[in-house]
Amino acid sequence: MRRTLAFDADDTLWHNEGHYADTQEAFRALLRPYHDDAWIDSRLHDTEMRNLQHYGYGIKGFTLSMIETALELTEDRLDGAGIRRVVELGKAMLELPVEPLPGVAEVLRDLAGSFELMVITKGDLFDQEAKLVKSGLGSHFSKIEIVSEKDQATYAAILERHGIPTASFTMVGNSVKSDILPVLALGARAVHIPYHLTWAHEVVASPVESPFPVLESIRELPALLATW
Ligand SMILES: [Mg+2]
């Protein structure tokens, strides 16, 4: 039986967090007449966290959270043109090209011969499907899972659904919280490839000594797997 290698998508296969950072800078600029940057960031983060239970992850929920935060921070003085501006910021994010990280396409092509390749990502179904198509990477994967949360129960259900033995499953991703810890807790393997930006919600305290491999780039992955 072939081993299954599952990849996170955002900031593992392609750039993502930078788009949020750029949009958040434009959002700050809109509200700078009212508040300082740190307060705007902190209130937006609080709104996003509060809204995760309603909207889940993704750009649509982020856009609604920006609108809500803007109304709160301006005490409802933000006018129609201001709200239109926020909606346009969100829409612009959805229309951005999807830029694979360096080495991703080559490494997937290499590994496809020896592993069953899978994507496990959270976010908006429609947006993540569109990104897979836009990235040009979709054809490398035989299984794609777009889920609302990546915790131990989610991974257990995915393995069960596809009949994948825990011992033959490896997850690769940039988030220790979502891609690594829940997979290790299940008894499967995980490889961390950090991205230079991490969303505050995904930050966890790093163990002093990582009980999992940490790579600088996906280009180092085939050599690591060859040693297993
Ligand atoms: Mg990610």
# chains A, B, ... in the order shown; residues from 1 in each chain; ligands from 1

call {"tool": "residues_near_ligand", "arguments": {"ligand": "ligand 1", "cutoff": "10 Å", "atoms": "only C-alpha atoms and all ligand atoms", "output": "list in words"}}
result
Phe7, Asp8, Ala9, Asp10, Asp11, Thr12, Leu13, Trp14, His15, Asn16, Glu17, Ile120, Thr121, Lys122, Val172, Gly173, Asn174, Ser175, Val176, Lys177, Ser178, Asp179, Ile193, Pro194, Tyr195, Thr198, Trp199 and Glu202 of chain A

call {"tool": "select_by_dssp", "arguments": {"residues": "chain A", "states": "alpha helix (DSSP H)", "output": "PyMOL selection string"}}
result
chain A and resi 17-31+37-55+59-73+80-95+104-111+125-135+152-162+181-186+221-226

call {"tool": "closest_residue", "arguments": {"among": "A:Ala81, A:Leu221, A:Leu111, A:Val133", "to": "Pro97 of chain A", "atoms": "only C-alpha atoms"}}
result
A:Val133

call {"tool": "atom_distance", "arguments": {"atom1": "atom CA of Gly58 of chain A", "atom2": "atom CA of Asp124 of chain A"}}
result
5.3 Å

call {"tool": "residues_around", "arguments": {"residues": "Gly56 of chain A", "least_positions_apart": "6", "cutoff": "10 Å", "atoms": "only C-alpha atoms", "output": "mmCIF file with all heavy atoms, in the first residue's frame"}}
result
data_model
loop_
_atom_site.group_PDB
_atom_site.id
_atom_site.type_symbol
_atom_site.label_atom_id
_atom_site.label_comp_id
_atom_site.auth_asym_id
_atom_site.auth_seq_id
_atom_site.Cartn_x
_atom_site.Cartn_y
_atom_site.Cartn_z
ATOM 1 N N GLU A 48 -12.787 38.892 14.348
ATOM 2 C CA GLU A 48 -12.588 37.652 13.583
ATOM 3 C C GLU A 48 -12.761 36.422 14.474
ATOM 4 O O GLU A 48 -13.403 35.445 14.082
ATOM 5 C CB GLU A 48 -11.167 37.602 13.015
ATOM 6 C CG GLU A 48 -10.932 38.423 11.778
ATOM 7 C CD GLU A 48 -9.517 38.151 11.274
ATOM 8 O OE1 GLU A 48 -9.329 37.184 10.522
ATOM 9 O OE2 GLU A 48 -8.602 38.899 11.672
ATOM 10 N N MET A 49 -12.163 36.465 15.655
ATOM 11 C CA MET A 49 -12.235 35.308 16.560
ATOM 12 C C MET A 49 -13.680 35.046 16.977
ATOM 13 O O MET A 49 -14.134 33.915 17.029
ATOM 14 C CB MET A 49 -11.373 35.534 17.812
ATOM 15 C CG MET A 49 -9.877 35.576 17.564
ATOM 16 S SD MET A 49 -9.273 34.097 16.699
ATOM 17 C CE MET A 49 -9.091 34.723 15.058
ATOM 18 N N PHE A 62 -13.714 37.064 6.638
ATOM 19 C CA PHE A 62 -12.780 38.152 6.957
ATOM 20 C C PHE A 62 -13.374 39.494 6.516
ATOM 21 O O PHE A 62 -13.306 40.496 7.230
ATOM 22 C CB PHE A 62 -11.449 37.885 6.249
ATOM 23 C CG PHE A 62 -10.386 38.918 6.477
ATOM 24 C CD1 PHE A 62 -9.926 39.201 7.755
ATOM 25 C CD2 PHE A 62 -9.824 39.618 5.406
ATOM 26 C CE1 PHE A 62 -8.919 40.153 7.967
ATOM 27 C CE2 PHE A 62 -8.828 40.564 5.605
ATOM 28 C CZ PHE A 62 -8.383 40.832 6.888
ATOM 29 N N LYS A 122 -8.406 24.216 5.226
ATOM 30 C CA LYS A 122 -9.658 24.770 5.728
ATOM 31 C C LYS A 122 -9.932 26.079 5.018
ATOM 32 O O LYS A 122 -9.037 26.668 4.421
ATOM 33 C CB LYS A 122 -9.608 24.943 7.246
ATOM 34 C CG LYS A 122 -8.555 25.884 7.767
ATOM 35 C CD LYS A 122 -8.457 25.790 9.283
ATOM 36 C CE LYS A 122 -7.404 26.751 9.794
ATOM 37 N NZ LYS A 122 -7.096 26.556 11.209
ATOM 38 N N GLY A 123 -11.167 26.521 5.068
ATOM 39 C CA GLY A 123 -11.526 27.770 4.399
ATOM 40 C C GLY A 123 -12.824 27.611 3.646
ATOM 41 O O GLY A 123 -13.527 26.618 3.787
ATOM 42 N N ASP A 124 -13.118 28.624 2.820
ATOM 43 C CA ASP A 124 -14.337 28.580 2.007
ATOM 44 C C ASP A 124 -14.184 27.516 0.934
ATOM 45 O O ASP A 124 -13.183 27.500 0.211
ATOM 46 C CB ASP A 124 -14.545 29.915 1.275
ATOM 47 C CG ASP A 124 -14.951 31.026 2.223
ATOM 48 O OD1 ASP A 124 -15.640 30.726 3.212
ATOM 49 O OD2 ASP A 124 -14.578 32.178 1.963
ATOM 50 N N VAL A 147 -12.041 21.464 4.761
ATOM 51 C CA VAL A 147 -12.734 21.243 6.029
ATOM 52 C C VAL A 147 -12.903 22.556 6.777
ATOM 53 O O VAL A 147 -12.260 23.560 6.460
ATOM 54 C CB VAL A 147 -11.947 20.235 6.906
ATOM 55 C CG1 VAL A 147 -11.903 18.871 6.239
ATOM 56 C CG2 VAL A 147 -10.524 20.722 7.166
ATOM 57 N N SER A 148 -13.769 22.560 7.790
ATOM 58 C CA SER A 148 -14.018 23.808 8.507
ATOM 59 C C SER A 148 -13.066 23.999 9.677
ATOM 60 O O SER A 148 -12.879 25.110 10.161
ATOM 61 C CB SER A 148 -15.471 23.870 8.969
ATOM 62 O OG SER A 148 -15.787 22.711 9.677
ATOM 63 N N GLU A 149 -12.438 22.910 10.146
ATOM 64 C CA GLU A 149 -11.476 23.025 11.251
ATOM 65 C C GLU A 149 -10.486 21.884 11.101
ATOM 66 O O GLU A 149 -10.824 20.830 10.581
ATOM 67 C CB GLU A 149 -12.221 22.938 12.591
ATOM 68 C CG GLU A 149 -11.391 23.261 13.810
ATOM 69 C CD GLU A 149 -10.728 24.637 13.744
ATOM 70 O OE1 GLU A 149 -11.361 25.625 14.161
ATOM 71 O OE2 GLU A 149 -9.584 24.715 13.258
#

call {"tool": "closest_residue", "arguments": {"among": "A:Asp41, A:Glu95, A:Asp22, A:Asp127", "to": "Leu73 of chain A", "atoms": "only C-alpha atoms"}}
result
A:Asp41

call {"tool": "closest_residue", "arguments": {"among": "A:Glu68, A:Asp79, A:Glu145, A:Asp37", "to": "Asn51 of chain A", "atoms": "only C-alpha atoms"}}
result
A:Glu68

call {"tool": "closest_residue", "arguments": {"among": "A:Thr74, A:Ser142, A:Ser217, A:Thr63", "to": "Glu88 of chain A", "atoms": "only C-alpha atoms"}}
result
A:Thr63

call {"tool": "closest_residue", "arguments": {"among": "A:Leu64, A:Val214, A:Leu78, A:Leu186", "to": "Lys91 of chain A", "atoms": "only C-alpha atoms"}}
result
A:Leu64

call {"tool": "closest_residue", "arguments": {"among": "A:Ile218, A:Ile180, A:His54, A:Val86", "to": "Val204 of chain A", "atoms": "only C-alpha atoms"}}
result
A:Ile180

call {"tool": "closest_atom_pairs", "arguments": {"of": "segment 111-194 of chain A", "to": "segment 222-228 of chain A", "cutoff": "12 Å", "atoms": "only C-alpha atoms", "output": "tab-separated table"}}
result
residue	atom	partner	partner_atom	distance
A:Leu111	CA	A:Pro222	CA	7.1
A:Ala112	CA	A:Pro222	CA	10.9
A:Gly113	CA	A:Pro222	CA	11.6
A:Ser114	CA	A:Pro222	CA	10.3
A:Phe115	CA	A:Leu225	CA	10.2
A:Ala167	CA	A:Trp228	CA	11.9
A:Ser168	CA	A:Trp228	CA	11.1
A:Phe169	CA	A:Leu225	CA	12.0
A:Thr170	CA	A:Leu225	CA	9.7
A:Met171	CA	A:Leu225	CA	11.8
A:Val172	CA	A:Leu225	CA	11.3
A:Arg189	CA	A:Trp228	CA	10.6
A:Ala190	CA	A:Leu225	CA	11.1
A:Val191	CA	A:Leu224	CA	9.4
A:His192	CA	A:Leu224	CA	11.8

call {"tool": "write_last_selection", "arguments": {"atoms": "N, CA and C atoms", "output": "PDB file, in the first residue's frame"}}
result
ATOM      1  N   LEU A 111       7.175  13.478  -6.202  1.00  0.00           N
ATOM      2  CA  LEU A 111       6.634  12.591  -5.170  1.00  0.00           C
ATOM      3  C   LEU A 111       5.422  11.809  -5.635  1.00  0.00           C
ATOM      4  N   ALA A 112       4.760  12.297  -6.697  1.00  0.00           N
ATOM      5  CA  ALA A 112       3.514  11.673  -7.146  1.00  0.00           C
ATOM      6  C   ALA A 112       3.721  10.213  -7.536  1.00  0.00           C
ATOM      7  N   GLY A 113       4.950   9.853  -7.942  1.00  0.00           N
ATOM      8  CA  GLY A 113       5.214   8.474  -8.334  1.00  0.00           C
ATOM      9  C   GLY A 113       5.221   7.520  -7.154  1.00  0.00           C
ATOM     10  N   SER A 114       5.674   7.982  -6.007  1.00  0.00           N
ATOM     11  CA  SER A 114       5.837   7.068  -4.878  1.00  0.00           C
ATOM     12  C   SER A 114       4.819   7.248  -3.761  1.00  0.00           C
ATOM     13  N   PHE A 115       4.073   8.342  -3.782  1.00  0.00           N
ATOM     14  CA  PHE A 115       3.096   8.583  -2.709  1.00  0.00           C
ATOM     15  C   PHE A 115       1.733   8.895  -3.301  1.00  0.00           C
ATOM     16  N   ALA A 167      -0.487   4.751  10.380  1.00  0.00           N
ATOM     17  CA  ALA A 167       0.960   4.563  10.218  1.00  0.00           C
ATOM     18  C   ALA A 167       1.447   4.925   8.815  1.00  0.00           C
ATOM     19  N   SER A 168       0.532   5.006   7.837  1.00  0.00           N
ATOM     20  CA  SER A 168       0.999   5.316   6.485  1.00  0.00           C
ATOM     21  C   SER A 168       0.652   6.747   6.082  1.00  0.00           C
ATOM     22  N   PHE A 169       0.297   7.577   7.084  1.00  0.00           N
ATOM     23  CA  PHE A 169      -0.132   8.957   6.794  1.00  0.00           C
ATOM     24  C   PHE A 169       0.886   9.976   7.291  1.00  0.00           C
ATOM     25  N   THR A 170       1.231  10.913   6.436  1.00  0.00           N
ATOM     26  CA  THR A 170       2.104  12.033   6.824  1.00  0.00           C
ATOM     27  C   THR A 170       1.465  13.335   6.373  1.00  0.00           C
ATOM     28  N   MET A 171       1.434  14.317   7.281  1.00  0.00           N
ATOM     29  CA  MET A 171       0.896  15.637   6.962  1.00  0.00           C
ATOM     30  C   MET A 171       2.038  16.634   6.865  1.00  0.00           C
ATOM     31  N   VAL A 172       1.970  17.507   5.867  1.00  0.00           N
ATOM     32  CA  VAL A 172       2.995  18.538   5.674  1.00  0.00           C
ATOM     33  C   VAL A 172       2.313  19.900   5.698  1.00  0.00           C
ATOM     34  N   ARG A 189       2.530  10.880  11.241  1.00  0.00           N
ATOM     35  CA  ARG A 189       3.716  11.740  11.150  1.00  0.00           C
ATOM     36  C   ARG A 189       3.350  13.100  10.570  1.00  0.00           C
ATOM     37  N   ALA A 190       4.178  14.100  10.912  1.00  0.00           N
ATOM     38  CA  ALA A 190       3.944  15.445  10.384  1.00  0.00           C
ATOM     39  C   ALA A 190       5.276  16.144  10.161  1.00  0.00           C
ATOM     40  N   VAL A 191       5.312  16.956   9.113  1.00  0.00           N
ATOM     41  CA  VAL A 191       6.516  17.714   8.775  1.00  0.00           C
ATOM     42  C   VAL A 191       6.155  19.192   8.731  1.00  0.00           C
ATOM     43  N   HIS A 192       6.902  19.995   9.479  1.00  0.00           N
ATOM     44  CA  HIS A 192       6.621  21.424   9.544  1.00  0.00           C
ATOM     45  C   HIS A 192       7.505  22.183   8.559  1.00  0.00           C
TER      46      HIS A 192
END
